[in-house]
$ cat final.cif   # mmCIF, C-alpha atoms
data_upload
#
loop_
_atom_site.group_PDB
_atom_site.id
_atom_site.type_symbol
_atom_site.label_atom_id
_atom_site.label_comp_id
_atom_site.auth_asym_id
_atom_site.auth_seq_id
_atom_site.Cartn_x
_atom_site.Cartn_y
_atom_site.Cartn_z
ATOM 1 C CA MET A 246 218.894 97.441 178.299
ATOM 2 C CA ASN A 247 219.408 97.751 174.562
ATOM 3 C CA VAL A 248 216.255 99.266 173.064
ATOM 4 C CA LEU A 249 215.214 99.613 169.419
ATOM 5 C CA LEU A 250 212.449 102.145 168.685
ATOM 6 C CA GLY A 251 210.624 101.887 165.341
ATOM 7 C CA LEU A 252 208.983 105.056 164.021
ATOM 8 C CA ALA A 253 206.446 105.418 161.216
ATOM 9 C CA GLY A 254 205.034 108.881 160.472
ATOM 10 C CA SER A 255 201.933 108.815 162.667
ATOM 11 C CA ASP A 256 201.026 110.797 165.783
ATOM 12 C CA GLU A 257 201.285 107.505 167.697
ATOM 13 C CA SER A 258 204.944 107.328 166.613
ATOM 14 C CA ILE A 259 205.587 110.815 167.982
ATOM 15 C CA THR A 260 204.073 109.737 171.307
ATOM 16 C CA ALA A 261 206.249 106.603 171.300
ATOM 17 C CA LEU A 262 209.333 108.740 170.586
ATOM 18 C CA ARG A 263 208.617 111.150 173.453
ATOM 19 C CA ARG A 264 207.867 108.392 175.956
ATOM 20 C CA THR A 265 210.912 106.364 174.953
ATOM 21 C CA ILE A 266 213.171 109.393 175.303
ATOM 22 C CA GLU A 267 211.790 109.997 178.824
ATOM 23 C CA ARG A 268 212.308 106.342 179.736
ATOM 24 C CA THR A 269 215.817 106.177 178.247
ATOM 25 C CA ASP A 270 216.736 109.298 180.137
ATOM 26 C CA ALA A 271 215.374 107.936 183.423
ATOM 27 C CA VAL A 272 216.908 104.452 183.344
ATOM 28 C CA GLY A 273 219.998 104.902 181.171
ATOM 29 C CA ASP A 274 219.053 102.432 178.399
ATOM 30 C CA ASP A 275 220.946 102.270 175.120
ATOM 31 C CA LEU A 276 218.662 103.514 172.379
ATOM 32 C CA THR A 277 218.621 102.993 168.619
ATOM 33 C CA VAL A 278 215.921 104.712 166.566
ATOM 34 C CA ALA A 279 214.804 103.194 163.254
ATOM 35 C CA VAL A 280 212.833 105.516 160.973
ATOM 36 C CA LEU A 281 210.603 103.454 158.690
ATOM 37 C CA GLU A 282 209.472 104.043 155.148
ATOM 38 C CA LYS A 283 205.687 104.288 154.976
ATOM 39 C CA ALA A 284 203.393 105.859 152.419
ATOM 40 C CA ASP A 285 200.298 107.887 153.385
ATOM 41 C CA THR A 286 201.307 109.000 156.860
ATOM 42 C CA GLU A 287 201.105 112.398 158.530
ATOM 43 C CA ARG A 288 204.905 112.840 158.269
ATOM 44 C CA SER A 289 207.389 111.743 155.607
ATOM 45 C CA GLN A 290 210.412 109.629 156.503
ATOM 46 C CA ASP A 291 212.621 112.745 156.241
ATOM 47 C CA GLU A 292 210.384 114.774 158.523
ATOM 48 C CA MET A 293 210.284 111.952 161.060
ATOM 49 C CA TYR A 294 214.079 111.604 160.903
ATOM 50 C CA ARG A 295 214.518 115.322 161.621
ATOM 51 C CA GLN A 296 211.929 115.178 164.417
ATOM 52 C CA ALA A 297 213.812 112.296 166.053
ATOM 53 C CA GLU A 298 217.131 114.150 165.724
ATOM 54 C CA LYS A 299 215.629 117.270 167.245
ATOM 55 C CA LEU A 300 213.936 115.591 170.241
ATOM 56 C CA LEU A 301 217.001 113.444 170.974
ATOM 57 C CA SER A 302 219.347 116.403 170.934
ATOM 58 C CA GLU A 303 216.959 118.451 173.097
ATOM 59 C CA ALA A 304 217.023 115.604 175.619
ATOM 60 C CA ASP A 305 220.813 115.462 175.233
ATOM 61 C CA LEU A 306 220.642 111.761 174.377
ATOM 62 C CA ASP A 307 223.225 110.035 172.281
ATOM 63 C CA ALA A 308 221.255 107.577 170.147
ATOM 64 C CA GLU A 309 221.894 106.129 166.741
ATOM 65 C CA ILE A 310 219.231 106.976 164.129
ATOM 66 C CA GLU A 311 218.790 104.631 161.174
ATOM 67 C CA ARG A 312 216.700 104.985 158.063
ATOM 68 C CA LEU A 313 215.128 101.669 157.019
ATOM 69 C CA GLU A 314 213.842 101.235 153.463
ATOM 70 C CA GLY A 315 211.140 98.847 152.275
ATOM 71 C CA ASP A 316 208.125 97.353 154.014
ATOM 72 C CA PRO A 317 207.971 99.007 157.460
ATOM 73 C CA GLY A 318 207.113 95.930 159.561
ATOM 74 C CA ALA A 319 209.499 93.559 157.785
ATOM 75 C CA SER A 320 212.420 95.997 157.690
ATOM 76 C CA LEU A 321 212.069 96.745 161.414
ATOM 77 C CA VAL A 322 211.909 93.072 162.415
ATOM 78 C CA ASN A 323 214.900 92.289 160.150
ATOM 79 C CA TYR A 324 216.910 95.053 161.701
ATOM 80 C CA ALA A 325 215.982 93.852 165.202
ATOM 81 C CA GLU A 326 217.127 90.324 164.329
ATOM 82 C CA GLN A 327 220.519 91.543 163.165
ATOM 83 C CA GLY A 328 221.276 93.508 166.327
ATOM 84 C CA GLU A 329 221.523 92.631 169.989
ATOM 85 C CA PHE A 330 218.334 94.223 171.215
ATOM 86 C CA ASP A 331 216.452 93.379 174.400
ATOM 87 C CA GLN A 332 213.302 95.231 173.513
ATOM 88 C CA LEU A 333 211.563 96.645 170.469
ATOM 89 C CA VAL A 334 209.285 99.657 170.977
ATOM 90 C CA ILE A 335 206.562 100.848 168.600
ATOM 91 C CA GLY A 336 203.604 103.203 168.884
ATOM 92 C CA GLY A 337 200.152 102.021 167.975
ATOM 93 C CA GLY A 338 196.481 101.944 168.743
ATOM 94 C CA THR A 339 194.269 104.557 167.144
ATOM 95 C CA ILE A 340 190.823 105.308 168.553
ATOM 96 C CA SER A 341 187.756 104.957 166.337
ATOM 97 C CA PRO A 342 184.849 107.461 166.528
ATOM 98 C CA MET A 343 183.086 104.935 168.785
ATOM 99 C CA GLY A 344 186.092 104.816 171.114
ATOM 100 C CA LYS A 345 187.339 101.400 170.012
ATOM 101 C CA ILE A 346 191.057 100.740 170.007
ATOM 102 C CA GLN A 347 192.360 99.668 166.614
ATOM 103 C CA LEU A 348 195.810 98.271 165.955
ATOM 104 C CA GLY A 349 197.283 98.679 162.495
ATOM 105 C CA SER A 350 199.006 96.155 160.273
ATOM 106 C CA ILE A 351 202.558 97.201 161.221
ATOM 107 C CA ALA A 352 201.815 96.760 164.930
ATOM 108 C CA GLU A 353 200.328 93.339 164.316
ATOM 109 C CA PHE A 354 203.237 92.224 162.122
ATOM 110 C CA VAL A 355 205.838 93.392 164.613
ATOM 111 C CA LEU A 356 204.075 91.845 167.634
ATOM 112 C CA LEU A 357 203.820 88.484 165.904
ATOM 113 C CA ASN A 358 207.219 88.383 164.206
ATOM 114 C CA ALA A 359 209.685 90.218 166.425
ATOM 115 C CA PRO A 360 212.432 88.113 168.052
ATOM 116 C CA THR A 361 212.311 90.209 171.232
ATOM 117 C CA THR A 362 209.823 91.556 173.732
ATOM 118 C CA VAL A 363 207.730 94.260 172.081
ATOM 119 C CA LYS A 364 206.489 97.325 173.905
ATOM 120 C CA LEU A 365 203.421 98.980 172.398
ATOM 121 C CA VAL A 366 203.202 102.615 173.471
ATOM 122 C CA ARG A 367 199.655 103.965 173.567
ATOM 123 C CA MET B 110 183.060 109.776 149.070
ATOM 124 C CA PRO B 111 183.377 106.805 151.450
ATOM 125 C CA GLU B 112 186.851 105.913 152.726
ATOM 126 C CA ARG B 113 185.969 102.268 153.172
ATOM 127 C CA VAL B 114 184.761 99.516 150.878
ATOM 128 C CA TYR B 115 181.034 98.686 150.874
ATOM 129 C CA PRO B 116 179.001 95.905 149.232
ATOM 130 C CA ASP B 117 177.664 96.694 145.740
ATOM 131 C CA THR B 118 174.163 95.566 146.673
ATOM 132 C CA PRO B 119 172.217 97.465 149.325
ATOM 133 C CA SER B 120 170.621 95.561 152.224
ATOM 134 C CA GLY B 121 167.135 96.128 153.581
ATOM 135 C CA PRO B 122 164.423 96.731 154.395
ATOM 136 C CA PHE B 123 164.736 96.214 158.139
ATOM 137 C CA PRO B 124 162.099 96.577 160.866
ATOM 138 C CA ALA B 125 162.067 100.001 162.513
ATOM 139 C CA PRO B 126 161.405 100.755 166.178
ATOM 140 C CA PRO B 127 159.236 100.927 168.174
ATOM 141 C CA SER B 128 158.275 97.289 168.330
ATOM 142 C CA THR B 129 157.810 94.517 170.839
ATOM 143 C CA ALA B 130 158.868 90.901 170.543
ATOM 144 C CA GLU B 131 159.038 87.824 172.697
ATOM 145 C CA ASP B 132 162.525 86.329 172.980
ATOM 146 C CA GLN B 133 163.352 82.617 172.943
ATOM 147 C CA SER B 134 162.900 82.448 176.726
ATOM 148 C CA GLY B 135 159.437 84.007 176.554
ATOM 149 C CA ARG B 136 160.523 87.435 177.851
ATOM 150 C CA THR B 137 158.807 90.468 176.331
ATOM 151 C CA ILE B 138 161.425 92.774 174.871
ATOM 152 C CA GLU B 139 160.738 96.258 173.583
ATOM 153 C CA PHE B 140 162.901 97.953 170.925
ATOM 154 C CA ARG B 141 162.902 101.727 171.026
ATOM 155 C CA ALA B 142 164.764 104.522 169.290
ATOM 156 C CA VAL B 143 166.205 107.118 171.657
ATOM 157 C CA ASP B 144 165.629 110.627 170.271
ATOM 158 C CA GLU B 145 167.620 112.534 172.871
ATOM 159 C CA PHE B 146 170.355 110.412 174.395
ATOM 160 C CA GLU B 147 170.396 112.214 177.752
ATOM 161 C CA ASP B 148 168.776 112.267 181.207
ATOM 162 C CA GLU B 149 166.811 109.111 181.971
ATOM 163 C CA ALA B 150 167.615 107.360 178.677
ATOM 164 C CA LEU B 151 171.311 107.917 179.293
ATOM 165 C CA ASP B 152 171.070 106.933 182.979
ATOM 166 C CA ASP B 153 169.301 103.666 182.154
ATOM 167 C CA THR B 154 171.940 102.827 179.552
ATOM 168 C CA VAL B 155 174.769 103.644 181.984
ATOM 169 C CA GLU B 156 173.095 101.238 184.403
ATOM 170 C CA MET B 157 173.106 98.483 181.783
ATOM 171 C CA TYR B 158 176.844 98.944 181.172
ATOM 172 C CA VAL B 159 177.574 98.911 184.908
ATOM 173 C CA ASP B 160 176.095 95.375 184.902
ATOM 174 C CA PHE B 161 178.000 94.407 181.774
ATOM 175 C CA ASP B 162 180.280 91.348 181.935
ATOM 176 C CA PRO B 163 183.853 92.627 181.426
ATOM 177 C CA SER B 164 184.738 89.495 179.439
ATOM 178 C CA ASP B 165 182.317 90.686 176.729
ATOM 179 C CA ARG B 166 184.173 93.961 176.216
ATOM 180 C CA ALA B 167 185.535 94.601 172.745
ATOM 181 C CA GLN B 168 188.557 96.738 171.847
ATOM 182 C CA GLY B 169 188.332 98.727 175.055
ATOM 183 C CA ILE B 170 184.595 99.438 175.073
ATOM 184 C CA PRO B 171 182.506 99.640 177.111
ATOM 185 C CA PRO B 172 184.939 101.008 179.688
ATOM 186 C CA THR B 173 184.552 99.778 183.261
ATOM 187 C CA GLY B 174 183.335 101.780 186.245
ATOM 188 C CA GLU B 175 180.326 104.091 186.249
ATOM 189 C CA THR B 176 182.307 107.318 185.790
ATOM 190 C CA ARG B 177 184.228 106.081 182.777
ATOM 191 C CA ILE B 178 181.078 104.518 181.289
ATOM 192 C CA ARG B 179 179.206 107.806 181.637
ATOM 193 C CA ASN B 180 182.105 109.769 180.121
ATOM 194 C CA TRP B 181 182.253 107.419 177.159
ATOM 195 C CA LEU B 182 178.491 107.618 176.504
ATOM 196 C CA GLU B 183 178.429 111.402 176.940
ATOM 197 C CA THR B 184 181.307 111.758 174.470
ATOM 198 C CA ILE B 185 179.469 109.868 171.744
ATOM 199 C CA ALA B 186 175.908 110.904 172.746
ATOM 200 C CA GLU B 187 175.298 114.160 170.925
ATOM 201 C CA HIS B 188 175.553 113.074 167.305
ATOM 202 C CA SER B 189 174.852 109.376 167.717
ATOM 203 C CA VAL B 190 171.840 107.309 166.667
ATOM 204 C CA ASN B 191 170.611 104.928 169.365
ATOM 205 C CA VAL B 192 168.208 102.030 169.716
ATOM 206 C CA VAL B 193 167.760 100.243 173.035
ATOM 207 C CA ALA B 194 166.176 96.925 173.986
ATOM 208 C CA ARG B 195 164.180 97.036 177.203
ATOM 209 C CA HIS B 196 162.901 94.279 179.440
ATOM 210 C CA GLY B 197 160.415 95.940 181.772
ATOM 211 C CA ASP B 198 162.126 99.050 183.127
ATOM 212 C CA ASP B 199 165.649 97.869 182.383
ATOM 213 C CA VAL B 200 167.793 98.533 179.328
ATOM 214 C CA ILE B 201 169.271 95.136 178.437
ATOM 215 C CA GLY B 202 170.695 95.909 174.996
ATOM 216 C CA HIS B 203 172.091 98.983 173.239
ATOM 217 C CA ALA B 204 172.941 99.515 169.583
ATOM 218 C CA VAL B 205 174.520 102.752 168.416
ATOM 219 C CA LEU B 206 175.843 104.530 165.318
ATOM 220 C CA VAL B 207 178.494 107.253 165.585
ATOM 221 C CA PRO B 208 179.421 109.455 162.600
ATOM 222 C CA ASP B 209 183.009 109.344 161.321
ATOM 223 C CA ALA B 210 183.390 113.096 160.864
ATOM 224 C CA ASP B 211 186.004 115.587 162.053
ATOM 225 C CA ASP B 212 183.269 118.121 162.711
ATOM 226 C CA PRO B 213 179.940 116.325 163.363
ATOM 227 C CA ASP B 214 178.190 119.702 163.796
ATOM 228 C CA SER B 215 178.710 120.430 160.123
ATOM 229 C CA ILE B 216 177.001 117.278 158.805
ATOM 230 C CA GLU B 217 174.315 118.430 156.357
ATOM 231 C CA ASP B 218 173.244 115.092 154.941
ATOM 232 C CA VAL B 219 173.587 111.973 157.110
ATOM 233 C CA GLY B 220 173.949 109.999 153.856
ATOM 234 C CA ASP B 221 177.261 111.757 153.185
ATOM 235 C CA VAL B 222 178.993 110.305 156.248
ATOM 236 C CA GLU B 223 180.084 106.825 157.253
ATOM 237 C CA TRP B 224 178.652 105.614 160.563
ATOM 238 C CA GLU B 225 180.440 103.279 162.957
ATOM 239 C CA LEU B 226 178.229 100.654 164.576
ATOM 240 C CA ALA B 227 178.481 99.005 167.979
ATOM 241 C CA ILE B 228 176.037 96.711 169.741
ATOM 242 C CA PHE B 229 176.040 95.275 173.262
ATOM 243 C CA VAL B 230 173.585 92.916 174.926
ATOM 244 C CA LEU B 231 173.692 91.948 178.614
ATOM 245 C CA GLN B 232 174.937 88.412 179.100
ATOM 246 C CA ALA B 233 171.661 87.062 180.566
ATOM 247 C CA TYR B 234 169.914 88.122 177.350
ATOM 248 C CA GLN B 235 172.430 86.786 174.844
ATOM 249 C CA GLN B 236 171.723 83.820 172.567
ATOM 250 C CA SER B 237 168.003 84.494 172.682
ATOM 251 C CA GLY B 238 167.617 86.278 169.337
ATOM 252 C CA ILE B 239 167.661 89.761 170.903
ATOM 253 C CA GLY B 240 171.002 90.786 169.377
ATOM 254 C CA THR B 241 169.851 90.066 165.835
ATOM 255 C CA LYS B 242 166.558 91.908 166.369
ATOM 256 C CA LEU B 243 168.264 94.876 168.016
ATOM 257 C CA LEU B 244 170.767 95.121 165.160
ATOM 258 C CA LYS B 245 167.991 94.996 162.550
ATOM 259 C CA HIS B 246 165.991 97.673 164.368
ATOM 260 C CA LEU B 247 169.001 99.977 164.470
ATOM 261 C CA LEU B 248 169.527 99.500 160.721
ATOM 262 C CA GLY B 249 165.786 100.043 160.114
ATOM 263 C CA HIS B 250 165.950 103.270 162.106
ATOM 264 C CA ALA B 251 169.102 104.313 160.213
ATOM 265 C CA ILE B 252 167.290 103.855 156.887
ATOM 266 C CA GLU B 253 164.426 106.068 158.136
ATOM 267 C CA LEU B 254 166.965 108.783 158.913
ATOM 268 C CA GLY B 255 168.648 108.518 155.491
ATOM 269 C CA ILE B 256 171.874 106.832 156.609
ATOM 270 C CA THR B 257 173.457 104.743 153.842
ATOM 271 C CA HIS B 258 176.986 103.680 154.829
ATOM 272 C CA VAL B 259 177.600 101.755 158.070
ATOM 273 C CA TRP B 260 180.831 100.035 159.139
ATOM 274 C CA LEU B 261 182.232 98.303 162.181
ATOM 275 C CA THR B 262 185.245 96.444 163.432
ATOM 276 C CA VAL B 263 185.061 93.152 165.254
ATOM 277 C CA GLU B 264 187.775 91.025 166.824
ATOM 278 C CA ARG B 265 188.787 88.427 164.256
ATOM 279 C CA TRP B 266 188.304 85.461 166.581
ATOM 280 C CA ASN B 267 184.733 86.515 167.410
ATOM 281 C CA THR B 268 183.077 84.253 164.833
ATOM 282 C CA PRO B 269 179.561 84.354 166.364
ATOM 283 C CA ALA B 270 179.523 88.162 166.019
ATOM 284 C CA ILE B 271 180.949 88.046 162.483
ATOM 285 C CA ALA B 272 178.260 85.504 161.510
ATOM 286 C CA LEU B 273 175.555 87.760 162.957
ATOM 287 C CA TYR B 274 176.822 90.759 160.975
ATOM 288 C CA GLU B 275 177.031 88.696 157.790
ATOM 289 C CA ARG B 276 173.441 87.481 158.218
ATOM 290 C CA VAL B 277 172.086 91.021 158.027
ATOM 291 C CA GLY B 278 174.273 92.008 155.053
ATOM 292 C CA PHE B 279 177.666 93.187 156.330
ATOM 293 C CA GLU B 280 180.649 92.137 154.220
ATOM 294 C CA PRO B 281 184.380 92.195 155.056
ATOM 295 C CA THR B 282 185.991 95.354 153.648
ATOM 296 C CA GLY B 283 189.416 93.804 153.162
ATOM 297 C CA THR B 284 191.012 95.591 156.112
ATOM 298 C CA GLU B 285 192.138 92.833 158.443
ATOM 299 C CA ASN B 286 194.456 93.383 161.366
ATOM 300 C CA PHE B 287 193.621 92.175 164.825
ATOM 301 C CA GLU B 288 190.176 93.466 163.958
ATOM 302 C CA GLN B 289 188.040 92.540 161.013
ATOM 303 C CA GLU B 290 186.477 95.602 159.363
ATOM 304 C CA MET B 291 183.034 95.114 157.799
ATOM 305 C CA GLY B 292 180.621 97.373 155.909
ATOM 306 C CA ILE B 293 176.961 97.419 154.857
ATOM 307 C CA LEU B 294 175.197 99.572 152.278
ATOM 308 C CA LEU B 295 171.615 100.421 153.255
ATOM 309 C CA ALA B 296 168.726 100.597 150.793
#
$ encode --input "final.cif" --output "structure tokens"
Amino acid sequence: MNVLLGLAGSDESITALRRTIERTDAVGDDLTVAVLEKADTERSQDEMYRQAEKLLSEADLDAEIERLEGDPGASLVNYAEQGEFDQLVIGGGTISPMGKIQLGSIAEFVLLNAPTTVKLVR
Amino acid sequence: MPERVYPDTPSGPFPAPPSTAEDQSGRTIEFRAVDEFEDEALDDTVEMYVDFDPSDRAQGIPPTGETRIRNWLETIAEHSVNVVARHGDDVIGHAVLVPDADDPDSIEDVGDVEWELAIFVLQAYQQSGIGTKLLKHLLGHAIELGITHVWLTVERWNTPAIALYERVGFEPTGTENFEQEMGILLA
């Protein structure tokens, strides 16, 4: 399967990256990682890019890493439309103090607009 | 200062617990603040959630199964503010505020923190006016304690709940994803 993973700078993105690496390793998928541009996150786009490089090389996985500029949801969906991907993976779902799951605006945009199946890693 | 957007005009006053009211089906319902959310008060509330209709769950809460329900309530119990609705010996409704703070132990003034609200009423007691009364009693109790900023999220399609929140003074904060975020400023 040809998988596209979209990463913003959140902790949920780190979880999605780790899980996707494990899955890719186990089933032999082809993986492309898109690092998104997003303001006000825990990690900058550069930091996230380096983190992806590091974890991929530690897992000895050969994956393409792309930097996407502009609105994170739109740029990811655009990129997915231009390639031949079977699945788009994103992280998402923060927990409120009450314990409620909350999905952010990127997750919603991608789920509603992506041309492929979307996997939401929690 | 608050992270979220709140109405300019404060809402209130609201009735404070304890009080007793008759619902639209003639059942006598008692509204009570819970000072220590532990032991019997906690057990009775766990029991209510065990009977809760899973189709009324919202954004993953309440969880299902007694163990997970108890874990959830114990996690939020210590720093939360609780009002329950009782019919006889049974808890049939629960409204709760949880502080949005990294370190709840260090809260000096409850007016300095934003409180997340949730409210659940057993299905057999819905649409009888209990939810509105329970919500108002929680807000009345919050005002007594000095709480000023309360927010919540609600699934966007849940128009009856959104209408209920708007009736007591909640306004949309502008954050809209799958969930609608709303806030109220208390007088």
$ resolve_selection --input "final.cif" --expression "the PyMOL selection byres ((chain B) within 6 of (chain A))" --output "number ranges by chain"
B: 168-169, 209, 286
$ resolve_selection --input "final.cif" --expression "the PyMOL selection byres ((chain A and resi 256-270) around 7)" --output "PDB file with C-alpha atoms, keeping the file's coordinate frame"
ATOM      1  CA  LEU A 252     208.983 105.056 164.021  1.00  0.00           C
ATOM      2  CA  ALA A 253     206.446 105.418 161.216  1.00  0.00           C
ATOM      3  CA  GLY A 254     205.034 108.881 160.472  1.00  0.00           C
ATOM      4  CA  SER A 255     201.933 108.815 162.667  1.00  0.00           C
ATOM      5  CA  ALA A 271     215.374 107.936 183.423  1.00  0.00           C
ATOM      6  CA  VAL A 272     216.908 104.452 183.344  1.00  0.00           C
ATOM      7  CA  GLY A 273     219.998 104.902 181.171  1.00  0.00           C
ATOM      8  CA  ASP A 274     219.053 102.432 178.399  1.00  0.00           C
ATOM      9  CA  ILE A 335     206.562 100.848 168.600  1.00  0.00           C
ATOM     10  CA  GLY A 336     203.604 103.203 168.884  1.00  0.00           C
ATOM     11  CA  GLY A 337     200.152 102.021 167.975  1.00  0.00           C
ATOM     12  CA  VAL A 366     203.202 102.615 173.471  1.00  0.00           C
TER      13      VAL A 366
END
$ resolve_selection --input "final.cif" --expression "the PyMOL selection byres ((chain A and resi 317) around 6)" --output "PyMOL selection string"
chain A and resi 281-282+316+318-320
$ atom_distance --input "final.cif" --atom1 "CA of Glu288 in chain B" --atom2 "CA of Phe161 in chain B"
21.6 Å
$ closest_residue --input "final.cif" --among "A:Val334, A:Ala279, A:Ala284, A:Leu306" --to "Arg367 in chain A" --atoms "all atoms listed in the file"
A:Val334
$ closest_residue --input "final.cif" --among "A:Asp275, A:Ser289, A:Tyr294, A:Ala359" --to "Val322 in chain A" --atoms "all atoms listed in the file"
A:Ala359
$ atom_distance --input "final.cif" --atom1 "CA of Arg179 in chain B" --atom2 "CA of Ala150 in chain B"
12.0 Å
$ atom_distance --input "final.cif" --atom1 "CA of Leu249 in chain A" --atom2 "CA of Leu321 in chain A"
9.1 Å
$ residues_near_point --input "final.cif" --point "(172.4, 92.5, 166.1)" --cutoff "10 Å" --atoms "all atoms listed in the file" --output "ChimeraX atom specification"
/B:202-204,227-230,238-248,270,273-274,276-277
$ closest_atom_pairs --input "final.cif" --of "range 116-201 of chain B" --to "range 255-269 of chain B" --cutoff "12 Å" --atoms "all atoms listed in the file" --output "Markdown table"
| residue | atom | partner | partner_atom | distance |
| --- | --- | --- | --- | --- |
| B:Pro116 | CA | B:His258 | CA | 9.8 |
| B:Asp117 | CA | B:His258 | CA | 11.5 |
| B:Thr118 | CA | B:Thr257 | CA | 11.7 |
| B:Pro119 | CA | B:Thr257 | CA | 8.7 |
| B:Ser120 | CA | B:Thr257 | CA | 9.7 |
| B:Gly121 | CA | B:Thr257 | CA | 10.7 |
| B:Asp165 | CA | B:Asn267 | CA | 10.5 |
| B:Arg166 | CA | B:Glu264 | CA | 10.5 |
| B:Ala167 | CA | B:Glu264 | CA | 7.3 |
| B:Gln168 | CA | B:Glu264 | CA | 7.6 |
| B:Gly169 | CA | B:Glu264 | CA | 11.3 |
| B:Ile170 | CA | B:Val263 | CA | 11.7 |
| B:Ser189 | CA | B:Ile256 | CA | 11.8 |
| B:Val190 | CA | B:Ile256 | CA | 10.1 |
$ write_last_selection --input "final.cif" --atoms "C-alpha atoms" --output "PDB file, keeping the file's coordinate frame"
ATOM      1  CA  PRO B 116     179.001  95.905 149.232  1.00  0.00           C
ATOM      2  CA  ASP B 117     177.664  96.694 145.740  1.00  0.00           C
ATOM      3  CA  THR B 118     174.163  95.566 146.673  1.00  0.00           C
ATOM      4  CA  PRO B 119     172.217  97.465 149.325  1.00  0.00           C
ATOM      5  CA  SER B 120     170.621  95.561 152.224  1.00  0.00           C
ATOM      6  CA  GLY B 121     167.135  96.128 153.581  1.00  0.00           C
ATOM      7  CA  ASP B 165     182.317  90.686 176.729  1.00  0.00           C
ATOM      8  CA  ARG B 166     184.173  93.961 176.216  1.00  0.00           C
ATOM      9  CA  ALA B 167     185.535  94.601 172.745  1.00  0.00           C
ATOM     10  CA  GLN B 168     188.557  96.738 171.847  1.00  0.00           C
ATOM     11  CA  GLY B 169     188.332  98.727 175.055  1.00  0.00           C
ATOM     12  CA  ILE B 170     184.595  99.438 175.073  1.00  0.00           C
ATOM     13  CA  SER B 189     174.852 109.376 167.717  1.00  0.00           C
ATOM     14  CA  VAL B 190     171.840 107.309 166.667  1.00  0.00           C
TER      15      VAL B 190
END
$ residues_near_point --input "final.cif" --point "(221.6, 106.1, 169.3)" --cutoff "8 Å" --atoms "only C-alpha atoms" --output "MDAnalysis selection string"
chainID A and resid 275:278 306:310
$ residues_around --input "final.cif" --residues "range 126-132 of chain B" --least-positions-apart "3" --cutoff "9 Å" --atoms "only C-alpha atoms" --output "list in words"
Gly135, Arg136, Thr137, Ile138, Glu139, Phe140, Arg141, Ala142, Val192, Tyr234, Ser237, Gly238, Ile239, Lys242, His246, Leu247, Gly249 and His250 of chain B
$ write_last_selection --input "final.cif" --atoms "C-alpha atoms" --output "short mmCIF file (atom, residue, chain, number, x, y, z; two decimals), in the coordinates of the input"
data_model
loop_
_atom_site.label_atom_id
_atom_site.label_comp_id
_atom_site.auth_asym_id
_atom_site.auth_seq_id
_atom_site.Cartn_x
_atom_site.Cartn_y
_atom_site.Cartn_z
CA GLY B 135 159.44 84.01 176.55
CA ARG B 136 160.52 87.44 177.85
CA THR B 137 158.81 90.47 176.33
CA ILE B 138 161.43 92.77 174.87
CA GLU B 139 160.74 96.26 173.58
CA PHE B 140 162.90 97.95 170.92
CA ARG B 141 162.90 101.73 171.03
CA ALA B 142 164.76 104.52 169.29
CA VAL B 192 168.21 102.03 169.72
CA TYR B 234 169.91 88.12 177.35
CA SER B 237 168.00 84.49 172.68
CA GLY B 238 167.62 86.28 169.34
CA ILE B 239 167.66 89.76 170.90
CA LYS B 242 166.56 91.91 166.37
CA HIS B 246 165.99 97.67 164.37
CA LEU B 247 169.00 99.98 164.47
CA GLY B 249 165.79 100.04 160.11
CA HIS B 250 165.95 103.27 162.11
#
$ closest_residue --input "final.cif" --among "B:Pro163, B:Ala296, B:Arg195, B:Thr173" --to "Ile252 in chain B" --atoms "all atoms listed in the file"
B:Ala296
$ axis_aligned_box --input "final.cif" --around "range 275-288 of chain B" --padding-each-side "8 Å" --output "lines of an AutoDock Vina configuration file"
center_x = 183.3
center_y = 91.5
center_z = 159.0
size_x = 38.4
size_y = 24.1
size_z = 27.7
